[in-house]
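Here the structure is laid out as structure tokens; the discussion comes afterwards.
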Amino acid sequence: MPATIGERIQDLVGFDYASNTINSEDEAIETAAAEVIDALPVSLLLKYAVAPHDLYTDNTTWNAVEGKKILRVIRFDAGTVARVCQKVDIDEWKGITSDSNSIYYPTKHSPVYTENPESGTTVLEVFPTPTAAGTDLAESAKVYYITYPIGTDEESLSETAGLPNEAEHAIALKASMYIIQVLISDAVQDDEDDEILGMLNNQAQSLQAMYLAEMQRLTGDSGEQTGE
């Protein structure tokens, strides 16, 4: 059975951190997971993505995007031709979608999407608005995404839907770095001896080097943008 994130971290830090006085290990894992996810190439995340959310006539917007990283929005026009939607900020959205005479007015050949926070709940909207009946492809859209692990304990994080298996070691390394930093901070405040502090600093530097090497392996040298 593959090691869990928690077991990986314990191997890296060298002690049972979960039974230690540290009370921020879950937060460290969540923060590490979000950082790694944001740094990974979209192509890798799409490879593991869960089934996309469909947008059509009776479901033209999506109000469950908070806590998710949107990987790609694809709109299908008549004839099921797929086109990637360009993401625009809400202020730009208001300008370009309100003037049909503008050269920047989005069409089915140049669709856009935005994440609109005005209602107090962030809503993903696509323009031109999907008009498909049901989930037929023509004049519909698909939203590909990954959910950031929140409120998930370290024993089940490796089973998070859409999380690439290849990324688990990087997350464990980054979370281990956060945990060691907490120990360093505690050691400084508790005026621990220089030998203990030196050992922790050396461990932090070793984890940093391992993390950078692992992220280099995952992201490669292609220069691909990791954002949306």
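Starting from 1 in every chain, residues are counted up; chains themselves are A, B, ... following the order of the structure tokens, and ligands are numbered from 1 as listed.
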Running DSSP on the backbone, which parts of region 37-185 of chain A land in alpha helix (DSSP H), as a PyMOL selection string? chain A and resi 37-39+42-47+90-96+168-185
Please identify every residue of region 88-206 of chain A that has at least one atom no farther than 6 Å from an atom of region 29-46 of chain A, counting only C-alpha atoms, and for each give the shortest atom pair and the distance in Å to one decimal, arranged by chain then increasing number, as CSV.
```
residue,atom,partner,partner_atom,distance
A:Tyr148,CA,A:Ala34,CA,6.0
A:Pro149,CA,A:Glu30,CA,5.9
A:Ile171,CA,A:Ala33,CA,5.4
A:Lys174,CA,A:Ala32,CA,5.4
A:Ala175,CA,A:Ile29,CA,5.0
```
Could you produce a table of the residues of region 117-184 of chain A lying within 12 Å of region 207-211 of chain A, with the nearest pair of atoms per residue and their separation in Å rounded to one decimal, using only C-alpha atoms, ordered by chain and increasing residue number, as a tab-separated table?
```
residue	atom	partner	partner_atom	distance
A:Ala167	CA	A:Tyr211	CA	10.9
A:Glu168	CA	A:Tyr211	CA	11.3
A:His169	CA	A:Tyr211	CA	8.6
A:Ala170	CA	A:Tyr211	CA	6.0
A:Ile171	CA	A:Tyr211	CA	8.6
A:Ala172	CA	A:Tyr211	CA	9.0
A:Leu173	CA	A:Tyr211	CA	5.7
A:Lys174	CA	A:Tyr211	CA	6.5
A:Ala175	CA	A:Leu207	CA	9.8
A:Ser176	CA	A:Leu207	CA	7.4
A:Met177	CA	A:Leu207	CA	6.2
A:Tyr178	CA	A:Leu207	CA	10.0
A:Ile179	CA	A:Leu207	CA	10.9
A:Ile180	CA	A:Leu207	CA	9.2
A:Gln181	CA	A:Leu207	CA	10.9
```
Expressed in Å, the length from CA of Val126 (chain A) to CA of Thr60 (chain A) is 7.6 Å
Atomic distance CA of Glu27 (chain A) - CA of Thr160 (chain A), expressed in Å with one decimal: 15.7 Å
Report the residues of region 56-170 of chain A whose backbone DSSP state falls under strand (DSSP E or B), written as a count of residues only. 38
Distance of CA of Thr61 (chain A) from CA of Ser140 (chain A), expressed in Å to one decimal place: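 Distance reported for this atom pair: 11.1 Å.
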Quick one: residues within 7 Å of Trp62 (chain A), only C-alpha atoms, excluding same-chain residues fewer than 2 positions away - as a short mmCIF file (atom, residue, chain, number, x, y, z; two decimals) with N, CA and C atoms, in the first residue's frame?
```cif
data_model
loop_
_atom_site.label_atom_id
_atom_site.label_comp_id
_atom_site.auth_asym_id
_atom_site.auth_seq_id
_atom_site.Cartn_x
_atom_site.Cartn_y
_atom_site.Cartn_z
N ALA A 64 -19.92 27.35 -7.39
CA ALA A 64 -19.16 26.52 -6.43
C ALA A 64 -17.67 26.53 -6.75
N VAL A 65 -17.16 27.68 -7.18
CA VAL A 65 -15.75 27.74 -7.59
C VAL A 65 -14.81 28.13 -6.46
N VAL A 123 -18.94 33.44 -8.65
CA VAL A 123 -19.67 32.72 -9.69
C VAL A 123 -18.86 32.74 -10.99
N LEU A 124 -18.69 31.59 -11.59
CA LEU A 124 -18.01 31.52 -12.88
C LEU A 124 -19.03 31.71 -13.99
N GLU A 125 -18.73 32.65 -14.90
CA GLU A 125 -19.62 32.95 -16.01
C GLU A 125 -18.85 32.85 -17.32
#
```
Which residues are close to Phe76 (chain A), i.e. within 7 Å by only C-alpha atoms, leaving aside same-chain residues fewer than 5 positions away? Reply as a count of residues only. 8
Selection: 10 Å around Arg72 (chain A), only C-alpha atoms, excl. self and same-chain fewer than 6 positions, as an MDAnalysis selection string: chainID A and resid 42:43 46 52 84:87 113 142:145 228
Closest of A:Phe127, A:Asp11, A:Ile74, A:Glu166 to Met215 (chain A) - atom-to-atom distances counting only C-alpha atoms: A:Glu166
List the spatial neighbours of region 105-109 of chain A as JSON, numbers by chain - criterion: any atom at most 6 Å away, only C-alpha atoms, same-chain residues fewer than 5 positions off excluded. {"A": [96, 97, 100]}
Just C-alpha atoms for this one: save the residues we selected as an mmCIF file, in the first residue's frame.
```
data_model
loop_
_atom_site.group_PDB
_atom_site.id
_atom_site.type_symbol
_atom_site.label_atom_id
_atom_site.label_comp_id
_atom_site.auth_asym_id
_atom_site.auth_seq_id
_atom_site.Cartn_x
_atom_site.Cartn_y
_atom_site.Cartn_z
ATOM 1 C CA ILE A 96 -16.196 43.881 -23.299
ATOM 2 C CA THR A 97 -19.474 41.986 -22.872
ATOM 3 C CA SER A 100 -21.615 44.446 -29.116
#
```
Considering only C-alpha atoms, can you say which of A:Ala51, A:Gln203, A:Gly220, A:Pro128 comes closest to Ser98 (chain A)?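 Going through A:Ala51, A:Gln203, A:Gly220, A:Pro128 one by one, the smallest distance to Ser98 (chain A) is for A:Pro128.
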